[in-house]
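The structure appears below as structure tokens.
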Amino acid sequence: MNCCCATNSFKEGANSFFSRYSAMYARRFRKHGLERVQKLLLQGVRTEQVLDKEILDIGCGVGALHLTLLNEGAARATGVDISEGMIERARKFSIDLGIADRAAYVVGDFVEVAETIRESDVTLLDKSVCCYEDIDTLIRTSTAKTKDLYALSHPRQNLFMELAFKGHIAFARFFKWKFHPFWHDWKKLRENIQNLGFELIYSNATPMWQVLVFKRN
Ligand SMILES: C[S@@+](CC[C@H](N)C(=O)[O-])C[C@H]1O[C@@H](n2cnc3c(N)ncnc32)[C@H](O)[C@@H]1O
């Protein structure tokens, strides 16, 4: 895709898809806490001090990551998500945890709302880069907001994950679903982030997800 933003039809599809699943994400977080991939991501982020830091969580879902960091003493967090359902549940968690005064939420495509979002010390993109087609613009706009750490998870670059994603995409296209995930060149993604002035400081993986944490040079 050569234009700068996602189409309205994609956004509607992603909103309705993830809003439908938001109750399940919330139930899982309430019952089991962080997923394995999220624990690894935070392990990478904690190589630096998070106390008093400003967090930006892009594709934040129900807020598991930034709510955890706020509980650990981060100053403030902004959660951005295309899905209204996800944001509604993240906001509710922040109220229940008594930290709503330090959490701000924005419903929208990050690329489109980026201008209205403050800079962050730590930016998180957990399993969201595979939900967005124009990955170069997403990476460029989000790294531009990041003063220090840039942490993300993406599907592992292996045959099993590639076939699983491509099968899902083909199925969704055949049945004309409004939303489907995207398979990108993950090696190139890493190089792009490095070329934007970041150094890889942490790398780990679950069987399905690759976790990378970069630090601004
Ligand atoms: C697979 S879910 C992961 C949610 C959460 N990070 C987690 O791991 O529990 C991906 C989320 O990213 C959001 N998303 C994808 N691209 C986005 C973008 N450009 N701006 C804002 N949200 C985005 C989707 O709406 C969805 O809620």
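The chains in the structure tokens are called A, B, ... from first to last as shown; in each chain the residues are counted from 1, and the ligands are counted from 1 in the order shown.
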What residues of the protein or nucleic acid chains come within 9 Å of ligand 1 when you use only C-alpha atoms and all ligand atoms? Reply as a PyMOL selection string. chain A and resi 5-6+11+14-19+21-22+25-26+29+34-35+37-38+57-65+79-87+106-113+124-135+138+153+181
Run DSSP on the backbone and give me the residues of region 5-208 of chain A it puts in strand (DSSP E), as a PyMOL selection string. chain A and resi 54-58+76-81+103-107+120-126+146-155+198-205
Any chance you could export the current selection's C-alpha atoms as a CSV table (one decimal), in the first residue's frame?
```csv
chain,number,residue,atom,x,y,z
A,54,GLU,CA,6.0,8.1,29.9
A,55,ILE,CA,4.5,5.1,28.1
A,56,LEU,CA,2.8,4.9,24.7
A,57,ASP,CA,1.0,1.6,24.0
A,58,ILE,CA,0.0,1.3,20.3
A,76,ARG,CA,1.7,8.1,32.6
A,77,ALA,CA,0.5,6.0,29.8
A,78,THR,CA,-1.4,6.6,26.5
A,79,GLY,CA,-3.2,3.6,25.0
A,80,VAL,CA,-4.2,3.8,21.4
A,81,ASP,CA,-6.3,1.3,19.6
A,103,ALA,CA,-3.9,6.7,31.8
A,104,ALA,CA,-5.2,8.4,28.7
A,105,TYR,CA,-7.0,6.6,25.8
A,106,VAL,CA,-7.4,7.3,22.1
A,107,VAL,CA,-9.6,5.3,19.8
A,120,SER,CA,7.0,8.8,25.0
A,121,ASP,CA,10.0,7.4,26.8
A,122,VAL,CA,8.8,3.8,26.1
A,123,THR,CA,6.7,2.8,23.1
A,124,LEU,CA,5.1,-0.7,23.0
A,125,LEU,CA,3.6,-2.5,20.0
A,126,ASP,CA,2.5,-5.9,21.2
A,146,THR,CA,9.9,7.6,21.0
A,147,LYS,CA,12.6,9.2,23.1
A,148,ASP,CA,14.2,6.0,24.5
A,149,LEU,CA,12.9,2.4,24.3
A,150,TYR,CA,10.9,0.9,21.4
A,151,ALA,CA,9.5,-2.6,22.2
A,152,LEU,CA,7.5,-4.8,19.9
A,153,SER,CA,6.4,-8.3,19.3
A,154,HIS,CA,5.8,-9.8,15.8
A,155,PRO,CA,5.1,-13.3,14.5
A,198,PHE,CA,17.7,2.5,17.3
A,199,GLU,CA,20.0,-0.2,18.6
A,200,LEU,CA,18.6,-3.7,19.4
A,201,ILE,CA,19.2,-4.3,23.1
A,202,TYR,CA,17.0,-7.3,23.8
A,203,SER,CA,15.6,-10.3,21.8
A,204,ASN,CA,13.6,-13.2,23.0
A,205,ALA,CA,10.9,-15.5,21.7
```
Sel. of alpha helix (DSSP H) residues, region 20-105 of chain A, as a ChimeraX atom specification: /A:20-32,36-45,64-71,84-96
Atomic separation - CA of Gly13 (chain A) relative to CA of His180 (chain A), Å: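 Separation between CA of His180 (chain A) and CA of Gly13 (chain A): 8.4 Å.
Ranking A:Ala114, A:Ile99, A:Ala90, A:Ala144 by their shortest atom-to-atom distance to Gly197 (chain A), with only C-alpha atoms included, puts A:Ala144 first.
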Interatomic distance between CA of Phe175 (chain A) and CA of Glu162 (chain A)?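 If I compute the distance from CA of Phe175 (chain A) to CA of Glu162 (chain A), I get 20.0 Å.
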When you count only C-alpha atoms, which of these residues is closest to Ile193 (chain A): A:Arg216, A:Arg89, A:Arg46, A:Lys53?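 Checking each of A:Arg216, A:Arg89, A:Arg46, A:Lys53 against Ile193 (chain A), counting only C-alpha atoms, the winner is A:Arg216.
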Please compute the CA of Arg190 (chain A)-CA of Thr206 (chain A) distance, one decimal, in Å. 17.5 Å
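The nearest approach to Asn8 (chain A) among the residues A:Phe179, A:Trp209, A:Phe165, A:Arg36, with only C-alpha atoms taken into account, belongs to A:Phe179.
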